file run31.tsv (TSV, C-alpha atoms)
chain	number	residue	atom	x	y	z
T	290	MET	CA	-2.55	5.86	-7.48
T	291	ALA	CA	-2.88	4.18	-4.09
T	292	GLY	CA	0.88	3.92	-3.84
T	293	SER	CA	1.40	7.60	-4.61
T	294	THR	CA	-1.24	8.54	-2.03
T	295	TYR	CA	0.54	6.40	0.55
T	296	LEU	CA	3.88	8.02	-0.28
T	297	ARG	CA	2.40	11.53	0.06
T	298	MET	CA	1.49	10.78	3.67
T	299	ALA	CA	3.90	12.11	6.25
T	300	VAL	CA	6.19	9.31	7.41
T	301	ALA	CA	4.93	9.76	10.97
T	302	HIS	CA	1.40	8.95	9.75
T	303	ARG	CA	2.40	5.69	8.05
T	304	THR	CA	1.62	3.69	11.15
T	305	SER	CA	1.14	-0.05	11.37
T	306	ILE	CA	-2.66	0.42	11.44
T	307	VAL	CA	-2.51	2.36	8.15
T	308	GLU	CA	-0.41	-0.41	6.64
T	309	GLU	CA	-2.82	-3.06	7.92
T	310	ARG	CA	-5.79	-1.23	6.40
T	311	ALA	CA	-3.94	-0.91	3.09
T	312	HIS	CA	-3.38	-4.69	3.15
T	313	ASP	CA	-7.09	-5.14	3.94
T	314	VAL	CA	-8.01	-3.04	0.92
T	315	LEU	CA	-5.72	-5.10	-1.32
T	316	THR	CA	-7.22	-8.32	0.01
T	317	ALA	CA	-10.77	-7.07	-0.59
T	318	LEU	CA	-10.12	-6.30	-4.25
T	319	PRO	CA	-11.41	-8.74	-6.86
T	320	PRO	CA	-8.61	-11.01	-8.10
T	321	ALA	CA	-8.44	-9.33	-11.51
T	322	VAL	CA	-8.03	-5.91	-9.92
T	323	ARG	CA	-5.36	-7.23	-7.53
T	324	LYS	CA	-3.23	-7.88	-10.61
T	325	SER	CA	-3.47	-4.25	-11.74
T	326	ARG	CA	-0.40	-2.07	-11.72
T	327	SER	CA	-1.77	0.16	-8.95
T	328	ALA	CA	-2.45	-2.77	-6.66
T	329	ARG	CA	0.95	-4.33	-7.38
T	330	ASP	CA	2.70	-1.01	-6.74
T	331	LEU	CA	0.99	-0.57	-3.38
T	332	SER	CA	1.73	-4.16	-2.43
T	333	GLN	CA	5.41	-3.69	-3.28
T	334	LEU	CA	5.57	-0.44	-1.27
T	335	LEU	CA	4.06	-2.14	1.76
T	336	ALA	CA	6.60	-4.98	1.48
T	337	LEU	CA	9.57	-2.61	1.77
T	338	PRO	CA	11.34	-2.33	5.12
T	339	PRO	CA	10.65	0.92	6.99
T	340	GLY	CA	12.76	3.80	5.77
T	341	GLN	CA	13.25	2.45	2.24
T	342	MET	CA	10.41	4.37	0.61
call {"tool": "encode", "arguments": {"input": "run31.tsv", "output": "C-alpha coordinates"}}
result
Amino acid sequence: MAGSTYLRMAVAHRTSIVEERAHDVLTALPPAVRKSRSARDLSQLLALPPGQM
(Lines of atoms letter the chains of each structure in order from A and count residues from 1; the text may use other names and numbers.)
(Lines give C-alpha, C1' and ligand atoms only; values in the text may rest on other atoms or scores of the structure.)
Protein backbone atom coordinates (compact mmCIF):
# COMPACT_ATOMS: atom_id res chain seq x y z
CA MET A 1 0.00 0.00 0.00
CA ALA A 2 2.75 2.46 0.86
CA GLY A 3 4.59 1.54 -2.31
CA SER A 4 1.53 2.09 -4.49
CA THR A 5 0.92 5.46 -2.82
CA TYR A 6 4.52 6.44 -3.51
CA LEU A 7 4.19 5.39 -7.15
CA ARG A 8 0.99 7.41 -7.59
CA MET A 9 2.88 10.58 -6.68
CA ALA A 10 3.98 12.70 -9.60
CA VAL A 11 7.66 12.03 -10.32
CA ALA A 12 8.43 15.70 -9.69
CA HIS A 13 7.10 15.30 -6.13
CA ARG A 14 9.29 12.29 -5.31
CA THR A 15 11.99 14.50 -3.88
CA SER A 16 14.86 13.42 -1.67
CA ILE A 17 12.99 14.72 1.41
CA VAL A 18 10.00 12.50 0.58
CA GLU A 19 12.34 9.53 0.19
CA GLU A 20 14.05 10.35 3.48
CA ARG A 21 10.71 10.52 5.30
CA ALA A 22 9.67 7.19 3.76
CA HIS A 23 12.91 5.67 5.09
CA ASP A 24 12.15 7.23 8.49
CA VAL A 25 8.72 5.60 8.48
CA LEU A 26 10.23 2.22 7.64
CA THR A 27 12.79 2.60 10.41
CA ALA A 28 10.10 3.53 12.95
CA LEU A 29 8.06 0.40 12.26
CA PRO A 30 8.26 -2.46 14.75
CA PRO A 31 10.61 -5.20 13.48
CA ALA A 32 7.78 -7.63 12.77
CA VAL A 33 5.97 -5.05 10.64
CA ARG A 34 9.19 -4.18 8.79
CA LYS A 35 9.14 -7.74 7.46
CA SER A 36 5.65 -7.30 5.99
CA ARG A 37 5.17 -7.32 2.25
CA SER A 38 4.14 -3.65 2.17
CA ALA A 39 7.24 -2.54 4.03
CA ARG A 40 9.51 -4.71 1.87
CA ASP A 41 7.87 -3.38 -1.31
CA LEU A 42 8.40 0.23 -0.26
CA SER A 43 11.98 -0.49 0.76
CA GLN A 44 12.68 -2.08 -2.62
CA LEU A 45 11.11 0.87 -4.47
CA LEU A 46 13.25 3.33 -2.54
CA ALA A 47 16.38 1.31 -3.37
CA LEU A 48 15.84 1.63 -7.12
CA PRO A 49 17.87 4.21 -9.03
CA PRO A 50 15.89 7.27 -10.12
CA GLY A 51 13.90 6.69 -13.28
CA GLN A 52 13.53 2.92 -12.81
CA MET A 53 10.12 3.00 -11.15
call {"tool": "residues_around", "arguments": {"input": "run31.tsv", "residues": "Met290 in chain T", "least_positions_apart": "4", "cutoff": "9 Å", "atoms": "only C-alpha atoms", "output": "list in words"}}
result
Thr294, Tyr295, Ser327, Ala328, Asp330 and Leu331 of chain T
call {"tool": "atom_distance", "arguments": {"input": "run31.tsv", "atom1": "CA of Ser332 in chain T", "atom2": "CA of Ala291 in chain T"}}
result
9.7 Å
call {"tool": "residues_around", "arguments": {"input": "run31.tsv", "residues": "Pro339 in chain T", "least_positions_apart": "4", "cutoff": "12 Å", "atoms": "all atoms listed in the file", "output": "MDAnalysis selection string"}}
result
chainID T and resid 300:301 303:305 308 334:335
call {"tool": "closest_residue", "arguments": {"input": "run31.tsv", "among": "T:Gln333, T:Met298, T:Ser293, T:Gln341", "to": "Leu315 in chain T", "atoms": "all atoms listed in the file"}}
result
T:Gln333
call {"tool": "atom_distance", "arguments": {"input": "run31.tsv", "atom1": "CA of His302 in chain T", "atom2": "CA of Pro320 in chain T"}}
result
28.6 Å
call {"tool": "atom_distance", "arguments": {"input": "run31.tsv", "atom1": "CA of Val322 in chain T", "atom2": "CA of Val307 in chain T"}}
result
20.6 Å
call {"tool": "decode", "arguments": {"input": "run31.tsv", "residues": "range 290-324 of chain T", "atoms": "N, CA and C atoms", "output": "PDB file, in the first residue's frame"}}
result
ATOM      1  N   MET T 290       0.821  -1.184   0.000  1.00  0.00           N
ATOM      2  CA  MET T 290       0.000   0.000   0.000  1.00  0.00           C
ATOM      3  C   MET T 290       0.872   1.258   0.000  1.00  0.00           C
ATOM      4  N   ALA T 291       1.878   1.294   0.838  1.00  0.00           N
ATOM      5  CA  ALA T 291       2.755   2.461   0.862  1.00  0.00           C
ATOM      6  C   ALA T 291       3.484   2.618  -0.462  1.00  0.00           C
ATOM      7  N   GLY T 292       3.901   1.501  -1.023  1.00  0.00           N
ATOM      8  CA  GLY T 292       4.591   1.539  -2.307  1.00  0.00           C
ATOM      9  C   GLY T 292       3.695   2.053  -3.410  1.00  0.00           C
ATOM     10  N   SER T 293       2.448   1.623  -3.440  1.00  0.00           N
ATOM     11  CA  SER T 293       1.533   2.093  -4.485  1.00  0.00           C
ATOM     12  C   SER T 293       1.221   3.570  -4.305  1.00  0.00           C
ATOM     13  N   THR T 294       1.139   4.026  -3.069  1.00  0.00           N
ATOM     14  CA  THR T 294       0.922   5.458  -2.816  1.00  0.00           C
ATOM     15  C   THR T 294       2.110   6.253  -3.324  1.00  0.00           C
ATOM     16  N   TYR T 295       3.300   5.764  -3.050  1.00  0.00           N
ATOM     17  CA  TYR T 295       4.516   6.441  -3.513  1.00  0.00           C
ATOM     18  C   TYR T 295       4.541   6.511  -5.035  1.00  0.00           C
ATOM     19  N   LEU T 296       4.172   5.427  -5.691  1.00  0.00           N
ATOM     20  CA  LEU T 296       4.189   5.388  -7.151  1.00  0.00           C
ATOM     21  C   LEU T 296       3.120   6.285  -7.770  1.00  0.00           C
ATOM     22  N   ARG T 297       2.034   6.528  -7.061  1.00  0.00           N
ATOM     23  CA  ARG T 297       0.985   7.412  -7.585  1.00  0.00           C
ATOM     24  C   ARG T 297       1.379   8.882  -7.528  1.00  0.00           C
ATOM     25  N   MET T 298       2.404   9.189  -6.749  1.00  0.00           N
ATOM     26  CA  MET T 298       2.877  10.579  -6.681  1.00  0.00           C
ATOM     27  C   MET T 298       3.503  10.963  -8.022  1.00  0.00           C
ATOM     28  N   ALA T 299       3.312  12.206  -8.396  1.00  0.00           N
ATOM     29  CA  ALA T 299       3.982  12.698  -9.598  1.00  0.00           C
ATOM     30  C   ALA T 299       5.490  12.590  -9.384  1.00  0.00           C
ATOM     31  N   VAL T 300       6.199  12.224 -10.422  1.00  0.00           N
ATOM     32  CA  VAL T 300       7.656  12.032 -10.319  1.00  0.00           C
ATOM     33  C   VAL T 300       8.323  13.291  -9.767  1.00  0.00           C
ATOM     34  N   ALA T 301       7.847  14.435 -10.153  1.00  0.00           N
ATOM     35  CA  ALA T 301       8.434  15.696  -9.688  1.00  0.00           C
ATOM     36  C   ALA T 301       8.284  15.876  -8.175  1.00  0.00           C
ATOM     37  N   HIS T 302       7.333  15.169  -7.578  1.00  0.00           N
ATOM     38  CA  HIS T 302       7.101  15.297  -6.133  1.00  0.00           C
ATOM     39  C   HIS T 302       7.878  14.262  -5.333  1.00  0.00           C
ATOM     40  N   ARG T 303       8.495  13.323  -6.001  1.00  0.00           N
ATOM     41  CA  ARG T 303       9.291  12.294  -5.310  1.00  0.00           C
ATOM     42  C   ARG T 303      10.688  12.836  -5.032  1.00  0.00           C
ATOM     43  N   THR T 304      10.737  13.824  -4.201  1.00  0.00           N
ATOM     44  CA  THR T 304      11.993  14.502  -3.880  1.00  0.00           C
ATOM     45  C   THR T 304      12.788  13.700  -2.849  1.00  0.00           C
ATOM     46  N   SER T 305      14.008  14.116  -2.644  1.00  0.00           N
ATOM     47  CA  SER T 305      14.857  13.422  -1.669  1.00  0.00           C
ATOM     48  C   SER T 305      14.264  13.509  -0.264  1.00  0.00           C
ATOM     49  N   ILE T 306      13.588  14.606   0.071  1.00  0.00           N
ATOM     50  CA  ILE T 306      12.990  14.717   1.414  1.00  0.00           C
ATOM     51  C   ILE T 306      11.849  13.722   1.577  1.00  0.00           C
ATOM     52  N   VAL T 307      11.074  13.494   0.515  1.00  0.00           N
ATOM     53  CA  VAL T 307       9.997  12.500   0.580  1.00  0.00           C
ATOM     54  C   VAL T 307      10.607  11.117   0.762  1.00  0.00           C
ATOM     55  N   GLU T 308      11.667  10.823   0.039  1.00  0.00           N
ATOM     56  CA  GLU T 308      12.335   9.533   0.186  1.00  0.00           C
ATOM     57  C   GLU T 308      12.910   9.361   1.592  1.00  0.00           C
ATOM     58  N   GLU T 309      13.498  10.416   2.129  1.00  0.00           N
ATOM     59  CA  GLU T 309      14.052  10.348   3.485  1.00  0.00           C
ATOM     60  C   GLU T 309      12.952  10.071   4.505  1.00  0.00           C
ATOM     61  N   ARG T 310      11.826  10.731   4.355  1.00  0.00           N
ATOM     62  CA  ARG T 310      10.711  10.517   5.295  1.00  0.00           C
ATOM     63  C   ARG T 310      10.173   9.092   5.162  1.00  0.00           C
ATOM     64  N   ALA T 311      10.124   8.568   3.952  1.00  0.00           N
ATOM     65  CA  ALA T 311       9.674   7.186   3.757  1.00  0.00           C
ATOM     66  C   ALA T 311      10.629   6.220   4.464  1.00  0.00           C
ATOM     67  N   HIS T 312      11.927   6.492   4.368  1.00  0.00           N
ATOM     68  CA  HIS T 312      12.911   5.669   5.087  1.00  0.00           C
ATOM     69  C   HIS T 312      12.702   5.802   6.598  1.00  0.00           C
ATOM     70  N   ASP T 313      12.408   7.016   7.058  1.00  0.00           N
ATOM     71  CA  ASP T 313      12.150   7.232   8.488  1.00  0.00           C
ATOM     72  C   ASP T 313      10.951   6.412   8.958  1.00  0.00           C
ATOM     73  N   VAL T 314       9.910   6.382   8.137  1.00  0.00           N
ATOM     74  CA  VAL T 314       8.721   5.603   8.484  1.00  0.00           C
ATOM     75  C   VAL T 314       9.086   4.124   8.580  1.00  0.00           C
ATOM     76  N   LEU T 315       9.831   3.626   7.605  1.00  0.00           N
ATOM     77  CA  LEU T 315      10.233   2.215   7.638  1.00  0.00           C
ATOM     78  C   LEU T 315      11.055   1.904   8.882  1.00  0.00           C
ATOM     79  N   THR T 316      11.942   2.799   9.237  1.00  0.00           N
ATOM     80  CA  THR T 316      12.794   2.599  10.414  1.00  0.00           C
ATOM     81  C   THR T 316      11.975   2.607  11.706  1.00  0.00           C
ATOM     82  N   ALA T 317      10.915   3.407  11.746  1.00  0.00           N
ATOM     83  CA  ALA T 317      10.099   3.527  12.952  1.00  0.00           C
ATOM     84  C   ALA T 317       9.151   2.343  13.165  1.00  0.00           C
ATOM     85  N   LEU T 318       8.963   1.541  12.135  1.00  0.00           N
ATOM     86  CA  LEU T 318       8.062   0.396  12.258  1.00  0.00           C
ATOM     87  C   LEU T 318       8.640  -0.660  13.195  1.00  0.00           C
ATOM     88  N   PRO T 319       7.776  -1.346  13.933  1.00  0.00           N
ATOM     89  CA  PRO T 319       8.265  -2.462  14.748  1.00  0.00           C
ATOM     90  C   PRO T 319       8.902  -3.515  13.831  1.00  0.00           C
ATOM     91  N   PRO T 320       9.907  -4.224  14.313  1.00  0.00           N
ATOM     92  CA  PRO T 320      10.614  -5.199  13.484  1.00  0.00           C
ATOM     93  C   PRO T 320       9.696  -6.193  12.756  1.00  0.00           C
ATOM     94  N   ALA T 321       8.676  -6.665  13.411  1.00  0.00           N
ATOM     95  CA  ALA T 321       7.778  -7.631  12.767  1.00  0.00           C
ATOM     96  C   ALA T 321       7.044  -7.003  11.593  1.00  0.00           C
ATOM     97  N   VAL T 322       6.686  -5.754  11.711  1.00  0.00           N
ATOM     98  CA  VAL T 322       5.971  -5.055  10.638  1.00  0.00           C
ATOM     99  C   VAL T 322       6.929  -4.730   9.496  1.00  0.00           C
ATOM    100  N   ARG T 323       8.191  -4.463   9.820  1.00  0.00           N
ATOM    101  CA  ARG T 323       9.193  -4.179   8.785  1.00  0.00           C
ATOM    102  C   ARG T 323       9.364  -5.350   7.831  1.00  0.00           C
ATOM    103  N   LYS T 324       9.017  -6.540   8.287  1.00  0.00           N
ATOM    104  CA  LYS T 324       9.138  -7.737   7.457  1.00  0.00           C
ATOM    105  C   LYS T 324       7.896  -7.970   6.599  1.00  0.00           C
TER     106      LYS T 324
END
